[in-house]
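> Pasting in a structure now, in structure tokens, and then I'll have a few things to ask.
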Amino acid sequence: MEPVVQFDRVGKSFGQHRAVDNLSFSVRRGEVFALLGPNGAGKTTTVRMLVGVIRPDEGRMVVSLDSRTTEVLPPDKTGYLPEDRGLYRDIPVLRTLVYFGRLRGLEKDEAKRRAVEWLERLQLLDRKDERVDALSKGNQQRVQFIASLIHKPALAILDEPFTGLDPLSQEFFLSLVSELREAGTTIILSAHQMDLVERVADRVLLMNKGREILSGSTEELHGRLDARPRIRLTLEDMNTVPALREDPDVEDIVIDSDDPNEAQVTLRDGAAVAPFLTRAVTRVGVRSISTEPPRLHDIFVRAVREDDNRRSGSSA
Amino acid sequence: MNHSKLSLLVAEWEFRRYFKWKDQVLGLMFFVVTGAISYGVSRIMGGERRPVTVATSGIELASPAGGRVLLVPAPADSGARVAMLGDGDAQGILTRRGDGTFDLLVEKDPRYLSELRALVANHVGRERLAASGLKESELARILAPPEVKVHFTDPNRARTGKAEKIAAGAFQGLVLLAVFTSMAYLLTGITGEKQLRVTESITAIIPPQAWIDGKILGICAYSLASICNMVVGGLLLAFAAKLAWGFSLPDVLVRPGVILVLIVYSILGLLLWNAFFAAFASTIDDPNTSTRTSIMFLPMLPVVMTIMVLRDPDDLTARILAVFPLTSPSAMPARLILSNPTVLEILVSVGLLAGTIWLVRRMAGRVFEIGMLMYGKEPTMREVLRWTSAKSRRVNPGV
């Protein structure tokens with residue numbers, strides 16, 4: 001598929017801080033391209049350069065959304081949901097959406113028609129005349145989403161669309177992203193919720209400290225995953241963890257930060273799960289056992305850690 | 001969409017965001033009702049001033065017909081005089097001393113003092129006239145000042161002078177009000193947008209210059225509409241006063257050319273200050289906590305400096321102030337009314353003002369572009385000045 005956006009050796013610094021460093025990637029027409037990375041990775045700076053809010057210090061961007069090739073994204077063909085979201089809180093919902101539609105080049109009547117269509121689809125039509133601040137946070141997010149996409153852009157750039165949403169709303173936005181892709185919209189998604197992104201992204205680029213550390217299609221990345229399953233043990237007494245570590249098949253044990261009674265066990269290459277579990281339950285008190293298939297999340301976490309270690313090693 | 005269309009779209013949005021007919025009608029009603037009450041009360045109070053009684057000693061003063069002060073002889077006994085004050089029979093005791101001076105004994109501030117002084121001066125003057133042997137008509141002839149008649153080359157000027165001074169003063173006041181109204185809305189609007197994080201959604205769509213231009217125009221239109229509303233209120237009030245009390249507007253004229261120049265300078269002055277304040281507002285996060293809000297008093301400076309023009313509208317300072325862009329919106333209208341600036345002076349002044357607005361607007365656009373995306377810390381003045389000449393950080397040309 002032809003690329004619609006190409007980033008070629010782009011860099012950006014703020015004072016002494018190198019926010020984006022020699023970054024290159026291309027986004028293909030109709031795909032969901034995910035920019036992933038921990039906080040401070042440079043995703044938002046990349047997105048801001050994409051939409052033209054800030055200028056790169058070096059490198060270039062080539063855009064081919066239509067028959068023309070330009071160095072900027074045409075705003076009437078681009079939708080942007082910024083990380084710093086906000087709407088005019090004292091203005092009614094419909095008026096707000098019509099304004100954003102008109103800013104994107106729609107005629108007033110057309111903007112109104114599309115706003116009503118979207119509001120109906122997102123079950124907010126009965127609230128079109130209410131002020132934005134009368135809506136719940138989730139509904140305000142929906143209005144913001146409409147404001148970004150009301151002009152049916154060929155390219156949608158969504159910066160951290162899942163942040164601050166409850167699980168139901170996250171699912172809702174995931175389904176919207178899927179719908180957009182099916183309708184032929186190219187999507188650039190910046191996020192750090194890798195489990196969510198994995199479900200919709202065609203290709204991903206993992207950033208850390210301004211640089212690419214990993215990229216490829218989700219299938220390719222799955223191929224690179226450690227095939228060993230993760231074993232989750234809920235222990236009766238966390239003081240027994242050292243006893244588990246003595247097991248010859250255990251490579252690593254991580255304590256879950258959300259649940260301090262849960263230990264995530266990684267076995268050595270080639271080790272079988274069943275003999276390990278048999279030994280474990282005889283050595284320590286175990287309340288529950290579960291195993292999970294490998295996730296992209298794990299390879300990302302490992303890649304970022306390795307990159308951090310490499311950098312600290314090279315700076316030392 | 002081109003720059004002008006985007007700016008007008010933003011201007012319409014900004015105007016409609018703040019301009020609400022209901023608020024305007026309510027404001028107008030409040031203005032008219034308050035004005036009518038104030039005028040009515042002053043008429044009633046003025047028509048029914050309470051008379052005061054002053055007891056006199058050592059001078060035989062007759063109570064003037066229709067006057068407020070009623071004069072009665074004071075008792076000889078000093079205790080009885082004080083008792084008159086205490087009982088409320090008199091509000092003052094006027095005593096003539098041997099050296100010709102007077103003492104006025106009172107319990108509280110004598111609001112009638114000027115009227116009493118005039119009565120005493122008139123009486124003493126007549127006493128001195130009688131002692132000199134001069135006739136009253138002879139004295140009047142001696143003291144009468146020679147008449148100096150003023151003839152304007154343009155006879156209409158005789159009828160326009162006072163009206164134009166009033167019009168110029170009113171315009172200055174209204175423009176100042178419009179400047180402060182605009183400033184308030186720009187400060188709260190722009191800092192509000194920063195706080196609500198609306199900024200990035202908009203700057204990704206349209207160029208900051210188009211956004212700030214639209215804001216300047218929209219808020220300018222809102223302020224002018226509010227001021228027009230006040231003027232309409234004032235005219236309604238005058239009309240109501242005419243119907244109720246026979247209040248009549250003076251039969252004077254304001255030259256159309258003067259009105260035109262006043263309107264042009266008012267709008268240009270407003271645009272200049274709006275451009276300045278839009279840029280200023282983008283450099284602060286919260287006007288309630290900013291240490292820079294004293295800058296809001298800056299628009300007062302040209303008005304204060306214009307007072308110099310009033311003293312001598314043709315001296316060098318006045319001429320400079322009338323062409324200097326920051327002071328010309330105040331000083332040139334004043335000169336136009338008090339003197340005869342040449343057409344060239346007016347053209348140079350308007351040209352410089354228009355050029356300065358364009359320059360300030362461009363610099364404001366640069367400051368706005370950077371300031372609107374800066375949260376959490378206020379830039380130093382040096383940084384802001386550097387931004388004004390910085391290359392645009394954007395690549396996005398807008399829709």
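Letters A, B, ... go to the chains of the structure tokens in the order shown; residues in each chain start at 1; ligands are counted from 1 in the same order.
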Pull the alpha helix (DSSP H) assignments for region 11-252 of chain A out of DSSP run on the backbone, and list those residues as a PDB file with N, CA and C atoms, in the first residue's frame.


```
ATOM      1  N   LYS A  43       6.089  10.911  21.786  1.00  0.00           N
ATOM      2  CA  LYS A  43       4.926  10.650  20.915  1.00  0.00           C
ATOM      3  C   LYS A  43       4.166  11.937  20.610  1.00  0.00           C
ATOM      4  N   THR A  44       3.882  12.683  21.655  1.00  0.00           N
ATOM      5  CA  THR A  44       3.078  13.898  21.449  1.00  0.00           C
ATOM      6  C   THR A  44       3.838  14.933  20.628  1.00  0.00           C
ATOM      7  N   THR A  45       5.145  15.043  20.850  1.00  0.00           N
ATOM      8  CA  THR A  45       5.942  15.970  20.027  1.00  0.00           C
ATOM      9  C   THR A  45       5.891  15.537  18.570  1.00  0.00           C
ATOM     10  N   THR A  46       5.967  14.226  18.343  1.00  0.00           N
ATOM     11  CA  THR A  46       5.879  13.704  16.972  1.00  0.00           C
ATOM     12  C   THR A  46       4.529  14.069  16.355  1.00  0.00           C
ATOM     13  N   VAL A  47       3.475  13.843  17.147  1.00  0.00           N
ATOM     14  CA  VAL A  47       2.130  14.149  16.645  1.00  0.00           C
ATOM     15  C   VAL A  47       1.989  15.645  16.360  1.00  0.00           C
ATOM     16  N   ARG A  48       2.524  16.478  17.259  1.00  0.00           N
ATOM     17  CA  ARG A  48       2.422  17.930  17.052  1.00  0.00           C
ATOM     18  C   ARG A  48       3.176  18.369  15.795  1.00  0.00           C
ATOM     19  N   MET A  49       4.271  17.697  15.510  1.00  0.00           N
ATOM     20  CA  MET A  49       4.978  18.026  14.266  1.00  0.00           C
ATOM     21  C   MET A  49       4.165  17.545  13.062  1.00  0.00           C
ATOM     22  N   LEU A  50       3.517  16.397  13.249  1.00  0.00           N
ATOM     23  CA  LEU A  50       2.680  15.874  12.163  1.00  0.00           C
ATOM     24  C   LEU A  50       1.581  16.858  11.785  1.00  0.00           C
ATOM     25  N   VAL A  51       0.889  17.371  12.809  1.00  0.00           N
ATOM     26  CA  VAL A  51      -0.249  18.252  12.513  1.00  0.00           C
ATOM     27  C   VAL A  51       0.192  19.684  12.239  1.00  0.00           C
ATOM     28  N   VAL A  93     -23.618  22.112  22.811  1.00  0.00           N
ATOM     29  CA  VAL A  93     -22.898  21.051  22.095  1.00  0.00           C
ATOM     30  C   VAL A  93     -22.971  21.240  20.576  1.00  0.00           C
ATOM     31  N   LEU A  94     -24.183  21.428  20.065  1.00  0.00           N
ATOM     32  CA  LEU A  94     -24.344  21.495  18.603  1.00  0.00           C
ATOM     33  C   LEU A  94     -23.596  22.702  18.029  1.00  0.00           C
ATOM     34  N   ARG A  95     -23.706  23.837  18.703  1.00  0.00           N
ATOM     35  CA  ARG A  95     -23.028  25.046  18.206  1.00  0.00           C
ATOM     36  C   ARG A  95     -21.519  24.835  18.157  1.00  0.00           C
ATOM     37  N   THR A  96     -20.999  24.165  19.180  1.00  0.00           N
ATOM     38  CA  THR A  96     -19.561  23.876  19.230  1.00  0.00           C
ATOM     39  C   THR A  96     -19.142  23.035  18.033  1.00  0.00           C
ATOM     40  N   LEU A  97     -19.939  21.989  17.770  1.00  0.00           N
ATOM     41  CA  LEU A  97     -19.572  21.077  16.676  1.00  0.00           C
ATOM     42  C   LEU A  97     -19.673  21.768  15.319  1.00  0.00           C
ATOM     43  N   VAL A  98     -20.690  22.609  15.155  1.00  0.00           N
ATOM     44  CA  VAL A  98     -20.837  23.334  13.885  1.00  0.00           C
ATOM     45  C   VAL A  98     -19.632  24.261  13.680  1.00  0.00           C
ATOM     46  N   TYR A  99     -19.200  24.894  14.762  1.00  0.00           N
ATOM     47  CA  TYR A  99     -18.029  25.793  14.663  1.00  0.00           C
ATOM     48  C   TYR A  99     -16.785  25.018  14.208  1.00  0.00           C
ATOM     49  N   PHE A 100     -16.539  23.881  14.838  1.00  0.00           N
ATOM     50  CA  PHE A 100     -15.350  23.100  14.470  1.00  0.00           C
ATOM     51  C   PHE A 100     -15.470  22.593  13.028  1.00  0.00           C
ATOM     52  N   GLY A 101     -16.688  22.222  12.630  1.00  0.00           N
ATOM     53  CA  GLY A 101     -16.903  21.785  11.263  1.00  0.00           C
ATOM     54  C   GLY A 101     -16.613  22.913  10.275  1.00  0.00           C
ATOM     55  N   ARG A 102     -17.068  24.102  10.602  1.00  0.00           N
ATOM     56  CA  ARG A 102     -16.830  25.246   9.707  1.00  0.00           C
ATOM     57  C   ARG A 102     -15.355  25.610   9.654  1.00  0.00           C
ATOM     58  N   LEU A 103     -14.672  25.500  10.804  1.00  0.00           N
ATOM     59  CA  LEU A 103     -13.228  25.761  10.796  1.00  0.00           C
ATOM     60  C   LEU A 103     -12.510  24.789   9.862  1.00  0.00           C
ATOM     61  N   LYS A 108     -22.025  25.874   6.734  1.00  0.00           N
ATOM     62  CA  LYS A 108     -22.746  25.827   8.003  1.00  0.00           C
ATOM     63  C   LYS A 108     -23.815  24.716   8.025  1.00  0.00           C
ATOM     64  N   ASP A 109     -24.623  24.642   6.971  1.00  0.00           N
ATOM     65  CA  ASP A 109     -25.706  23.642   6.957  1.00  0.00           C
ATOM     66  C   ASP A 109     -25.152  22.225   6.951  1.00  0.00           C
ATOM     67  N   GLU A 110     -24.083  22.032   6.193  1.00  0.00           N
ATOM     68  CA  GLU A 110     -23.473  20.712   6.107  1.00  0.00           C
ATOM     69  C   GLU A 110     -22.861  20.326   7.459  1.00  0.00           C
ATOM     70  N   ALA A 111     -22.223  21.292   8.091  1.00  0.00           N
ATOM     71  CA  ALA A 111     -21.626  21.034   9.417  1.00  0.00           C
ATOM     72  C   ALA A 111     -22.710  20.649  10.413  1.00  0.00           C
ATOM     73  N   LYS A 112     -23.838  21.331  10.325  1.00  0.00           N
ATOM     74  CA  LYS A 112     -24.939  21.043  11.252  1.00  0.00           C
ATOM     75  C   LYS A 112     -25.508  19.649  10.979  1.00  0.00           C
ATOM     76  N   ARG A 113     -25.674  19.339   9.694  1.00  0.00           N
ATOM     77  CA  ARG A 113     -26.233  18.031   9.331  1.00  0.00           C
ATOM     78  C   ARG A 113     -25.341  16.902   9.860  1.00  0.00           C
ATOM     79  N   ARG A 114     -24.038  17.078   9.639  1.00  0.00           N
ATOM     80  CA  ARG A 114     -23.115  16.018  10.081  1.00  0.00           C
ATOM     81  C   ARG A 114     -23.040  15.928  11.603  1.00  0.00           C
ATOM     82  N   ALA A 115     -23.114  17.081  12.258  1.00  0.00           N
ATOM     83  CA  ALA A 115     -23.060  17.085  13.736  1.00  0.00           C
ATOM     84  C   ALA A 115     -24.258  16.332  14.290  1.00  0.00           C
ATOM     85  N   VAL A 116     -25.427  16.597  13.722  1.00  0.00           N
ATOM     86  CA  VAL A 116     -26.654  15.916  14.178  1.00  0.00           C
ATOM     87  C   VAL A 116     -26.535  14.407  13.934  1.00  0.00           C
ATOM     88  N   GLU A 117     -26.003  14.063  12.775  1.00  0.00           N
ATOM     89  CA  GLU A 117     -25.825  12.637  12.424  1.00  0.00           C
ATOM     90  C   GLU A 117     -24.927  11.934  13.448  1.00  0.00           C
ATOM     91  N   TRP A 118     -23.803  12.579  13.743  1.00  0.00           N
ATOM     92  CA  TRP A 118     -22.864  11.993  14.708  1.00  0.00           C
ATOM     93  C   TRP A 118     -23.494  11.918  16.104  1.00  0.00           C
ATOM     94  N   LEU A 119     -24.169  12.997  16.507  1.00  0.00           N
ATOM     95  CA  LEU A 119     -24.770  13.023  17.852  1.00  0.00           C
ATOM     96  C   LEU A 119     -25.805  11.910  17.988  1.00  0.00           C
ATOM     97  N   GLU A 120     -26.553  11.697  16.930  1.00  0.00           N
ATOM     98  CA  GLU A 120     -27.564  10.643  16.968  1.00  0.00           C
ATOM     99  C   GLU A 120     -26.878   9.280  17.109  1.00  0.00           C
ATOM    100  N   ARG A 121     -25.805   9.130  16.351  1.00  0.00           N
ATOM    101  CA  ARG A 121     -25.074   7.859  16.370  1.00  0.00           C
ATOM    102  C   ARG A 121     -24.458   7.593  17.738  1.00  0.00           C
ATOM    103  N   LYS A 137     -17.824  13.463  31.755  1.00  0.00           N
ATOM    104  CA  LYS A 137     -16.513  13.511  31.119  1.00  0.00           C
ATOM    105  C   LYS A 137     -16.467  12.598  29.881  1.00  0.00           C
ATOM    106  N   GLY A 138     -17.077  11.420  30.017  1.00  0.00           N
ATOM    107  CA  GLY A 138     -17.083  10.480  28.898  1.00  0.00           C
ATOM    108  C   GLY A 138     -17.821  11.063  27.692  1.00  0.00           C
ATOM    109  N   ASN A 139     -18.959  11.727  27.978  1.00  0.00           N
ATOM    110  CA  ASN A 139     -19.722  12.322  26.873  1.00  0.00           C
ATOM    111  C   ASN A 139     -18.987  13.525  26.267  1.00  0.00           C
ATOM    112  N   GLN A 140     -18.267  14.256  27.114  1.00  0.00           N
ATOM    113  CA  GLN A 140     -17.465  15.370  26.570  1.00  0.00           C
ATOM    114  C   GLN A 140     -16.397  14.815  25.617  1.00  0.00           C
ATOM    115  N   GLN A 141     -15.842  13.651  25.983  1.00  0.00           N
ATOM    116  CA  GLN A 141     -14.854  13.008  25.108  1.00  0.00           C
ATOM    117  C   GLN A 141     -15.491  12.643  23.778  1.00  0.00           C
ATOM    118  N   ARG A 142     -16.740  12.195  23.834  1.00  0.00           N
ATOM    119  CA  ARG A 142     -17.423  11.830  22.592  1.00  0.00           C
ATOM    120  C   ARG A 142     -17.620  13.070  21.718  1.00  0.00           C
ATOM    121  N   VAL A 143     -17.994  14.180  22.361  1.00  0.00           N
ATOM    122  CA  VAL A 143     -18.185  15.426  21.600  1.00  0.00           C
ATOM    123  C   VAL A 143     -16.855  15.853  20.974  1.00  0.00           C
ATOM    124  N   GLN A 144     -15.777  15.713  21.751  1.00  0.00           N
ATOM    125  CA  GLN A 144     -14.448  16.079  21.240  1.00  0.00           C
ATOM    126  C   GLN A 144     -14.082  15.197  20.045  1.00  0.00           C
ATOM    127  N   PHE A 145     -14.444  13.954  20.162  1.00  0.00           N
ATOM    128  CA  PHE A 145     -14.166  13.001  19.083  1.00  0.00           C
ATOM    129  C   PHE A 145     -14.900  13.426  17.805  1.00  0.00           C
ATOM    130  N   ILE A 146     -16.181  13.809  17.981  1.00  0.00           N
ATOM    131  CA  ILE A 146     -16.960  14.258  16.817  1.00  0.00           C
ATOM    132  C   ILE A 146     -16.311  15.513  16.223  1.00  0.00           C
ATOM    133  N   ALA A 147     -15.910  16.443  17.111  1.00  0.00           N
ATOM    134  CA  ALA A 147     -15.308  17.701  16.635  1.00  0.00           C
ATOM    135  C   ALA A 147     -14.066  17.422  15.783  1.00  0.00           C
ATOM    136  N   SER A 148     -13.362  16.347  16.110  1.00  0.00           N
ATOM    137  CA  SER A 148     -12.140  16.021  15.365  1.00  0.00           C
ATOM    138  C   SER A 148     -12.427  15.351  14.020  1.00  0.00           C
ATOM    139  N   LEU A 149     -13.604  14.708  13.933  1.00  0.00           N
ATOM    140  CA  LEU A 149     -13.855  13.874  12.752  1.00  0.00           C
ATOM    141  C   LEU A 149     -15.065  14.308  11.937  1.00  0.00           C
ATOM    142  N   PRO A 167     -13.336   1.595  31.460  1.00  0.00           N
ATOM    143  CA  PRO A 167     -13.196   0.472  30.518  1.00  0.00           C
ATOM    144  C   PRO A 167     -14.285   0.416  29.457  1.00  0.00           C
ATOM    145  N   LEU A 168     -15.529   0.752  29.832  1.00  0.00           N
ATOM    146  CA  LEU A 168     -16.613   0.710  28.843  1.00  0.00           C
ATOM    147  C   LEU A 168     -16.391   1.739  27.742  1.00  0.00           C
ATOM    148  N   SER A 169     -15.986   2.950  28.154  1.00  0.00           N
ATOM    149  CA  SER A 169     -15.734   3.998  27.162  1.00  0.00           C
ATOM    150  C   SER A 169     -14.536   3.631  26.298  1.00  0.00           C
ATOM    151  N   GLN A 170     -13.538   2.987  26.904  1.00  0.00           N
ATOM    152  CA  GLN A 170     -12.381   2.548  26.111  1.00  0.00           C
ATOM    153  C   GLN A 170     -12.815   1.583  25.017  1.00  0.00           C
ATOM    154  N   GLU A 171     -13.700   0.655  25.393  1.00  0.00           N
ATOM    155  CA  GLU A 171     -14.213  -0.295  24.406  1.00  0.00           C
ATOM    156  C   GLU A 171     -14.974   0.433  23.305  1.00  0.00           C
ATOM    157  N   PHE A 172     -15.743   1.439  23.715  1.00  0.00           N
ATOM    158  CA  PHE A 172     -16.536   2.190  22.759  1.00  0.00           C
ATOM    159  C   PHE A 172     -15.620   2.883  21.739  1.00  0.00           C
ATOM    160  N   PHE A 173     -14.553   3.515  22.238  1.00  0.00           N
ATOM    161  CA  PHE A 173     -13.645   4.213  21.336  1.00  0.00           C
ATOM    162  C   PHE A 173     -12.862   3.240  20.447  1.00  0.00           C
ATOM    163  N   LEU A 174     -12.565   2.083  20.995  1.00  0.00           N
ATOM    164  CA  LEU A 174     -11.907   1.060  20.168  1.00  0.00           C
ATOM    165  C   LEU A 174     -12.794   0.676  18.995  1.00  0.00           C
ATOM    166  N   SER A 175     -14.108   0.526  19.287  1.00  0.00           N
ATOM    167  CA  SER A 175     -15.015   0.143  18.203  1.00  0.00           C
ATOM    168  C   SER A 175     -15.126   1.269  17.181  1.00  0.00           C
ATOM    169  N   LEU A 176     -15.057   2.521  17.643  1.00  0.00           N
ATOM    170  CA  LEU A 176     -15.104   3.651  16.704  1.00  0.00           C
ATOM    171  C   LEU A 176     -13.877   3.667  15.789  1.00  0.00           C
ATOM    172  N   VAL A 177     -12.733   3.378  16.384  1.00  0.00           N
ATOM    173  CA  VAL A 177     -11.498   3.339  15.585  1.00  0.00           C
ATOM    174  C   VAL A 177     -11.613   2.253  14.520  1.00  0.00           C
ATOM    175  N   SER A 178     -12.157   1.107  14.919  1.00  0.00           N
ATOM    176  CA  SER A 178     -12.331   0.014  13.953  1.00  0.00           C
ATOM    177  C   SER A 178     -13.277   0.431  12.838  1.00  0.00           C
ATOM    178  N   GLU A 179     -14.367   1.110  13.213  1.00  0.00           N
ATOM    179  CA  GLU A 179     -15.331   1.579  12.202  1.00  0.00           C
ATOM    180  C   GLU A 179     -14.676   2.534  11.216  1.00  0.00           C
ATOM    181  N   LEU A 180     -13.862   3.442  11.751  1.00  0.00           N
ATOM    182  CA  LEU A 180     -13.196   4.421  10.886  1.00  0.00           C
ATOM    183  C   LEU A 180     -12.290   3.717   9.888  1.00  0.00           C
ATOM    184  N   ARG A 181     -11.575   2.720  10.386  1.00  0.00           N
ATOM    185  CA  ARG A 181     -10.654   2.002   9.506  1.00  0.00           C
ATOM    186  C   ARG A 181     -11.438   1.275   8.403  1.00  0.00           C
ATOM    187  N   GLU A 182     -12.564   0.671   8.815  1.00  0.00           N
ATOM    188  CA  GLU A 182     -13.382  -0.025   7.807  1.00  0.00           C
ATOM    189  C   GLU A 182     -13.918   0.947   6.770  1.00  0.00           C
ATOM    190  N   MET A 194      -0.831  -0.423  25.692  1.00  0.00           N
ATOM    191  CA  MET A 194      -0.452  -1.312  24.607  1.00  0.00           C
ATOM    192  C   MET A 194      -1.464  -2.432  24.393  1.00  0.00           C
ATOM    193  N   ASP A 195      -2.116  -2.885  25.458  1.00  0.00           N
ATOM    194  CA  ASP A 195      -3.095  -3.957  25.302  1.00  0.00           C
ATOM    195  C   ASP A 195      -4.263  -3.514  24.428  1.00  0.00           C
ATOM    196  N   LEU A 196      -4.650  -2.249  24.554  1.00  0.00           N
ATOM    197  CA  LEU A 196      -5.759  -1.731  23.755  1.00  0.00           C
ATOM    198  C   LEU A 196      -5.326  -1.538  22.299  1.00  0.00           C
ATOM    199  N   VAL A 197      -4.151  -0.953  22.136  1.00  0.00           N
ATOM    200  CA  VAL A 197      -3.659  -0.652  20.791  1.00  0.00           C
ATOM    201  C   VAL A 197      -3.482  -1.938  19.991  1.00  0.00           C
ATOM    202  N   GLU A 198      -3.002  -2.973  20.672  1.00  0.00           N
ATOM    203  CA  GLU A 198      -2.751  -4.260  20.020  1.00  0.00           C
ATOM    204  C   GLU A 198      -3.994  -4.782  19.303  1.00  0.00           C
ATOM    205  N   ARG A 199      -5.173  -4.394  19.813  1.00  0.00           N
ATOM    206  CA  ARG A 199      -6.423  -4.926  19.268  1.00  0.00           C
ATOM    207  C   ARG A 199      -6.864  -4.229  17.982  1.00  0.00           C
ATOM    208  N   VAL A 200      -6.338  -3.029  17.730  1.00  0.00           N
ATOM    209  CA  VAL A 200      -6.793  -2.327  16.513  1.00  0.00           C
ATOM    210  C   VAL A 200      -5.667  -1.977  15.543  1.00  0.00           C
ATOM    211  N   THR A 218       1.778  -5.934  13.747  1.00  0.00           N
ATOM    212  CA  THR A 218       1.525  -6.636  15.013  1.00  0.00           C
ATOM    213  C   THR A 218       1.878  -8.116  14.867  1.00  0.00           C
ATOM    214  N   GLU A 219       1.667  -8.675  13.659  1.00  0.00           N
ATOM    215  CA  GLU A 219       2.031 -10.086  13.434  1.00  0.00           C
ATOM    216  C   GLU A 219       3.538 -10.268  13.576  1.00  0.00           C
ATOM    217  N   GLU A 220       4.282  -9.376  12.976  1.00  0.00           N
ATOM    218  CA  GLU A 220       5.745  -9.464  13.062  1.00  0.00           C
ATOM    219  C   GLU A 220       6.206  -9.397  14.518  1.00  0.00           C
ATOM    220  N   LEU A 221       5.592  -8.478  15.245  1.00  0.00           N
ATOM    221  CA  LEU A 221       6.018  -8.323  16.646  1.00  0.00           C
ATOM    222  C   LEU A 221       5.632  -9.543  17.464  1.00  0.00           C
ATOM    223  N   HIS A 222       4.449 -10.089  17.156  1.00  0.00           N
ATOM    224  CA  HIS A 222       4.064 -11.313  17.873  1.00  0.00           C
ATOM    225  C   HIS A 222       5.080 -12.419  17.607  1.00  0.00           C
ATOM    226  N   GLY A 223       5.615 -12.440  16.402  1.00  0.00           N
ATOM    227  CA  GLY A 223       6.618 -13.436  16.052  1.00  0.00           C
ATOM    228  C   GLY A 223       7.887 -13.283  16.879  1.00  0.00           C
ATOM    229  N   ARG A 224       8.114 -12.032  17.281  1.00  0.00           N
ATOM    230  CA  ARG A 224       9.334 -11.803  18.073  1.00  0.00           C
ATOM    231  C   ARG A 224       9.123 -12.076  19.558  1.00  0.00           C
ATOM    232  N   VAL A 241       7.999 -16.079  48.471  1.00  0.00           N
ATOM    233  CA  VAL A 241       8.525 -15.818  47.124  1.00  0.00           C
ATOM    234  C   VAL A 241       9.969 -16.300  46.979  1.00  0.00           C
ATOM    235  N   PRO A 242      10.847 -16.050  47.979  1.00  0.00           N
ATOM    236  CA  PRO A 242      12.232 -16.551  47.833  1.00  0.00           C
ATOM    237  C   PRO A 242      12.289 -18.060  47.629  1.00  0.00           C
ATOM    238  N   ALA A 243      11.369 -18.775  48.260  1.00  0.00           N
ATOM    239  CA  ALA A 243      11.348 -20.230  48.074  1.00  0.00           C
ATOM    240  C   ALA A 243      11.026 -20.593  46.630  1.00  0.00           C
ATOM    241  N   LEU A 244      10.136 -19.805  46.013  1.00  0.00           N
ATOM    242  CA  LEU A 244       9.800 -20.036  44.605  1.00  0.00           C
ATOM    243  C   LEU A 244      11.003 -19.784  43.710  1.00  0.00           C
ATOM    244  N   ARG A 245      11.739 -18.697  44.046  1.00  0.00           N
ATOM    245  CA  ARG A 245      12.897 -18.329  43.224  1.00  0.00           C
ATOM    246  C   ARG A 245      13.953 -19.437  43.182  1.00  0.00           C
TER     247      ARG A 245
END
```

> Just the residues within 8 Å of region 11-18 of chain B, please, counting only C-alpha atoms, with nothing from its chain fewer than 2 positions along; format it as a ChimeraX atom specification.

/A:91,99 /B:7-9,20,213-219,221-222

> Selection from above, N, CA and C atoms, as a CSV table (one decimal), in the first residue's frame, can you write it?


```csv
chain,number,residue,atom,x,y,z
A,91,ILE,N,-20.6,26.7,25.9
A,91,ILE,CA,-21.3,26.8,24.6
A,91,ILE,C,-22.1,25.5,24.4
A,99,TYR,N,-19.2,24.9,14.8
A,99,TYR,CA,-18.0,25.8,14.7
A,99,TYR,C,-16.8,25.0,14.2
B,7,SER,N,-10.6,34.3,9.7
B,7,SER,CA,-10.6,35.3,10.7
B,7,SER,C,-12.0,35.8,10.9
B,8,LEU,N,-12.8,35.9,9.8
B,8,LEU,CA,-14.2,36.4,10.0
B,8,LEU,C,-15.0,35.3,10.7
B,9,LEU,N,-14.7,34.1,10.4
B,9,LEU,CA,-15.4,33.0,11.1
B,9,LEU,C,-15.1,33.0,12.6
B,20,LYS,N,-25.0,38.6,23.9
B,20,LYS,CA,-26.3,38.0,24.1
B,20,LYS,C,-27.4,39.0,24.2
B,213,ASP,N,-6.4,37.4,14.8
B,213,ASP,CA,-7.1,38.4,14.0
B,213,ASP,C,-8.6,38.3,14.2
B,214,GLY,N,-9.1,37.1,14.2
B,214,GLY,CA,-10.5,36.9,14.4
B,214,GLY,C,-10.9,37.3,15.8
B,215,LYS,N,-10.1,37.0,16.8
B,215,LYS,CA,-10.4,37.4,18.2
B,215,LYS,C,-10.4,38.9,18.3
B,216,ILE,N,-9.4,39.6,17.7
B,216,ILE,CA,-9.3,41.0,17.8
B,216,ILE,C,-10.6,41.7,17.2
B,217,LEU,N,-11.0,41.2,16.0
B,217,LEU,CA,-12.1,41.7,15.3
B,217,LEU,C,-13.4,41.4,16.1
B,218,GLY,N,-13.6,40.2,16.6
B,218,GLY,CA,-14.8,39.8,17.2
B,218,GLY,C,-15.0,40.5,18.5
B,219,ILE,N,-13.9,40.7,19.3
B,219,ILE,CA,-14.1,41.4,20.6
B,219,ILE,C,-14.3,42.8,20.4
B,221,ALA,N,-15.8,44.1,17.8
B,221,ALA,CA,-17.2,44.3,17.4
B,221,ALA,C,-18.1,44.2,18.7
B,222,TYR,N,-17.8,43.2,19.6
B,222,TYR,CA,-18.6,43.1,20.8
B,222,TYR,C,-18.6,44.4,21.6
```

> Please find the residues of chain A near chain B - the criterion being any atom within 6 Å, counting only C-alpha atoms - and write them as an MDAnalysis selection string.

chainID A and resid 52:55 72 75:76 84:87
